[in-house]
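Worksheet for the structure shown next.
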Amino acid sequence: MNHYKIGLLGGGSWATAIAKMMVDAGVQFSWYMRNESAIEYINQYGHNPNYISSIEFHTKQFKLTSDIDTVIGDTDIIILAIPSVYLLNELGKKTVSLEKKIIFSAIKGIIPETGSIVGNYLEVHHEIHYSRIGVITGPCHAEEVALERLSYLTVACPQKKYATYISQCISSHYIKVKLTKDIIGVEYASVLKNIYSIAAGIAHGLGYGDNFQSVLMSNSIREMKQFIKTIHKNKRDVTESAYLGDLLVTGYSTFSRNRTFGNMIGKGYSVQNTIMEMNMVAEGYYAIKSAYKIAGDKATKFPIIEGMYKILYEKKNPKKILKKLTERLD
Ligand SMILES: NC(=O)c1ccc[n+]([C@@H]2O[C@H](COP(=O)([O-])OP(=O)(O)OC[C@H]3O[C@@H](n4cnc5c(N)ncnc54)[C@H](O)[C@@H]3O)[C@@H](O)[C@H]2O)c1
Ligand SMILES: O=P(O)(O)OC[C@H](O)CO
């Protein structure tokens, strides 16, 4: 079905899940991952040995390489599925330009070095025009993709033809796709929901129950709406699945890395120990710092973000901060 050549960057859970979606949609693509032994393993056995190993691949549909230049050089549309914390490091390995490419970010995190969302970073640092930037988002855990459980993704791009193309490349009997042009709204939502999910995890770790969790989630969606509005005023419906849906799946699912991270903090683990214990990345931790900075002197308007900053960056007592937060929620 290929019309544009697709390149996938990343070797973790989400890249592995996106690769499955594209294989199942009959797409041929190039795939970069840094780990050469994982590449050898996938080519030989048809499984990623480190992430979502239950996924079985028809390896004839992709060309795997640890040379990022080959993938960028040979393709038209690039899908980024590298955790935001490692993105600059990984893109730093390339010697070819991204300038003429169409780039879809499947990343849900802030780039710590720039404090920006990926879309802004691509525009400012790689001179990629806004109209050629896209986002793949929505409530979806890689683990459920592996099980082919029905999931709804949102593909955003100012140019509908690119969004439509990517949507065809990932759609199947278990993936449905909705399109939008609001790349800023959906990307910020995907970053912020991780912060609220950490809050949900901390509350759970401290012994708060489902009744409180529902109040926390109701307040989170309102806070998310306000936060995005201060950055980019636009008509948007936060009850859509890329907003509320992603907040709920991340706040409630036991698959969520961000919720797991928060849960461990609530149970008394240090940030350092929690990061070391997890083989996966909880991007909300980094998002909290940037969101707090972006909020600046308006931080008190966003009590959940403010509370998470105090716990994780000012090392304030989670129990006391959560108690204070309960006074601000309704
Ligand atoms: N996992 C999901 O269900 C899911 C769903 C939607 C979006 N996402 C997003 O996809 C992006 C990728 O997340 P993921 O779930 O694949 O991550 P992951 O935690 O599963 O994988 C971590 C990845 O980082 C790589 N890595 C580890 N240390 C590194 C280093 N020092 N330098 C470079 N790379 C390093 C690993 O090789 C691996 O590829 C994130 O932005 C995430 O928010 C994930
Ligand atoms: O596991 P989490 O918390 O990183 O969330 C993954 C996805 O973003 C859920 O849509």
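Note on naming: chains are A, B, ... as they come in the structure tokens, residues start from 1 per chain, ligands start from 1 in the order shown.
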Give me the residues of chain A that have any atom at most 6 Å from an atom of ligand 2; for each, the nearest atom pair and the distance in Å, rounded to one decimal. Use only C-alpha atoms and all ligand atoms, sort by chain and number, and format it as a tab-separated table.
residue	atom	partner	partner_atom_place_in_ligand_line	distance
A:Gly138	CA	ligand 2	10 (O)	5.6
A:Pro139	CA	ligand 2	10 (O)	3.7
A:Cys140	CA	ligand 2	10 (O)	4.0
A:His141	CA	ligand 2	9 (C)	4.9
A:Asn194	CA	ligand 2	3 (O)	5.9
A:Asp246	CA	ligand 2	10 (O)	5.1
A:Thr250	CA	ligand 2	3 (O)	5.0
A:Phe255	CA	ligand 2	1 (O)	5.8
A:Ser256	CA	ligand 2	1 (O)	3.3
A:Arg257	CA	ligand 2	1 (O)	3.9
A:Asn258	CA	ligand 2	3 (O)	3.9
A:Arg259	CA	ligand 2	3 (O)	5.9
A:Ala282	CA	ligand 2	4 (O)	5.7
Residues within 7 Å of range 310-327 of chain A, only C-alpha atoms, excluding chain neighbours under 6 positions, as JSON, numbers by chain
{"A": [206, 266, 303]}
For the residues selected in the previous step, produce a file with N, CA and C atoms as an mmCIF file, in the first residue's frame.
data_model
loop_
_atom_site.group_PDB
_atom_site.id
_atom_site.type_symbol
_atom_site.label_atom_id
_atom_site.label_comp_id
_atom_site.auth_asym_id
_atom_site.auth_seq_id
_atom_site.Cartn_x
_atom_site.Cartn_y
_atom_site.Cartn_z
ATOM 1 N N LEU A 206 -0.658 6.067 48.660
ATOM 2 C CA LEU A 206 -0.886 6.579 50.017
ATOM 3 C C LEU A 206 -2.154 6.009 50.647
ATOM 4 N N GLY A 266 4.286 7.229 46.303
ATOM 5 C CA GLY A 266 3.295 7.243 47.393
ATOM 6 C C GLY A 266 3.601 6.205 48.459
ATOM 7 N N PRO A 303 -3.217 23.511 40.811
ATOM 8 C CA PRO A 303 -2.792 22.908 42.085
ATOM 9 C C PRO A 303 -2.218 21.494 41.967
#
Select the residues contacting ligand 1 at a distance of at most 9 Å, based on only C-alpha atoms and all ligand atoms, then format the selection as a PyMOL selection string.
chain A and resi 10-17+33-35+50-52+80-90+105-110+136-145+190-191+194+255-257+278-284
If you run DSSP on the backbone here, which positions in range 49-191 of chain A get strand (DSSP E or B)? Please write them as a ChimeraX atom specification.
/A:62-65,77-80,102-105,110-111,116-117,133-137,151-156,175-180
Write out, as a tab-separated table (two decimals), in the first residue's frame, the residues just selected, with C-alpha atoms.
chain	number	residue	atom	x	y	z
A	62	PHE	CA	10.53	-4.12	7.64
A	63	LYS	CA	14.21	-3.44	7.35
A	64	LEU	CA	15.82	-3.05	10.77
A	65	THR	CA	19.01	-1.10	11.24
A	77	ILE	CA	7.60	10.20	6.68
A	78	ILE	CA	9.35	9.53	9.98
A	79	ILE	CA	7.55	8.30	13.08
A	80	LEU	CA	9.31	9.17	16.34
A	102	ILE	CA	7.25	14.88	7.32
A	103	ILE	CA	7.54	13.96	10.99
A	104	PHE	CA	4.92	12.32	13.18
A	105	SER	CA	5.68	12.23	16.87
A	110	ILE	CA	8.66	17.09	27.20
A	111	ILE	CA	12.24	17.27	25.95
A	116	SER	CA	9.40	22.04	24.94
A	117	ILE	CA	6.99	19.61	23.37
A	133	ILE	CA	4.54	18.01	11.73
A	134	GLY	CA	2.08	15.45	13.02
A	135	VAL	CA	1.18	13.67	16.25
A	136	ILE	CA	0.02	10.11	16.93
A	137	THR	CA	-1.74	9.96	20.27
A	151	SER	CA	-8.03	0.82	20.72
A	152	TYR	CA	-8.75	4.33	19.36
A	153	LEU	CA	-5.88	6.55	18.31
A	154	THR	CA	-5.89	10.18	17.19
A	155	VAL	CA	-3.66	11.31	14.35
A	156	ALA	CA	-3.10	15.05	14.12
A	175	ILE	CA	-7.04	0.07	15.78
A	176	LYS	CA	-9.49	2.82	14.88
A	177	VAL	CA	-8.20	6.28	14.08
A	178	LYS	CA	-9.68	9.75	14.43
A	179	LEU	CA	-8.12	12.76	12.67
A	180	THR	CA	-7.61	16.32	13.86
Contacts of range 208-214 of chain A at 10 Å (only C-alpha atoms; same-chain gap of 2+ positions) as a ChimeraX atom specification
/A:199-206,216-220,248,251-252,322,326,329
Those same residues, written as a PDB file, in the first residue's frame with C-alpha atoms?
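result_3.pdb was written with the following content:
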ATOM      1  CA  ALA A 199      -0.787  12.135  41.016  1.00  0.00           C
ATOM      2  CA  ALA A 200      -3.263   9.240  40.769  1.00  0.00           C
ATOM      3  CA  GLY A 201      -0.470   6.768  41.482  1.00  0.00           C
ATOM      4  CA  ILE A 202       0.764   8.718  44.499  1.00  0.00           C
ATOM      5  CA  ALA A 203      -2.789   8.919  45.869  1.00  0.00           C
ATOM      6  CA  HIS A 204      -3.184   5.160  45.408  1.00  0.00           C
ATOM      7  CA  GLY A 205       0.171   4.483  47.042  1.00  0.00           C
ATOM      8  CA  LEU A 206      -0.886   6.579  50.017  1.00  0.00           C
ATOM      9  CA  LEU A 216      -8.805  13.764  41.175  1.00  0.00           C
ATOM     10  CA  MET A 217      -9.523  12.827  37.545  1.00  0.00           C
ATOM     11  CA  SER A 218     -12.430  15.324  37.279  1.00  0.00           C
ATOM     12  CA  ASN A 219     -10.184  18.096  38.572  1.00  0.00           C
ATOM     13  CA  SER A 220      -7.336  16.953  36.337  1.00  0.00           C
ATOM     14  CA  LEU A 248      -8.403   7.995  32.236  1.00  0.00           C
ATOM     15  CA  GLY A 251      -4.705   7.317  35.557  1.00  0.00           C
ATOM     16  CA  TYR A 252      -6.468   3.979  36.024  1.00  0.00           C
ATOM     17  CA  LEU A 322      -1.810  15.299  49.026  1.00  0.00           C
ATOM     18  CA  THR A 326      -7.589  17.581  48.905  1.00  0.00           C
ATOM     19  CA  LEU A 329     -10.260  19.893  44.821  1.00  0.00           C
TER      20      LEU A 329
END
Spatial neighbours of Glu99 in chain A, 10 Å, only C-alpha atoms, chain gap at least 4 places, as a list of chain:residue names
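Neighbouring residues, sequence-local ones excluded: A:Ile103, A:Leu122, A:Glu123, A:His125, A:His126, A:Glu127, A:Ile128, A:His129, A:Arg132.
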What does the structure give for the distance between CA of Arg236 in chain A and CA of Ser172 in chain A, in Å to one decimal?
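So the answer is 26.9 Å.
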Report as a list in words all protein, DNA and RNA residues lying within 8 Å of Asp69 in chain A, evaluated on only C-alpha atoms, omitting residues in the same chain fewer than 2 positions from it.
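Using only C-alpha atoms, the neighbours found are Asp67, Val71, Ile72, Gly73, Lys94, Thr95 and Val96 of chain A.
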Suppose we keep C-alpha atoms; can you now write the selection as a compact mmCIF listing (two decimals), in the first residue's frame?
# COMPACT_ATOMS: atom_id res chain seq x y z
CA ASP A 67 22.09 3.24 11.45
CA VAL A 71 16.24 5.26 7.91
CA ILE A 72 16.05 9.06 7.74
CA GLY A 73 17.78 9.22 4.36
CA LYS A 94 22.28 11.46 12.55
CA THR A 95 24.31 13.31 9.97
CA VAL A 96 21.51 13.72 7.40
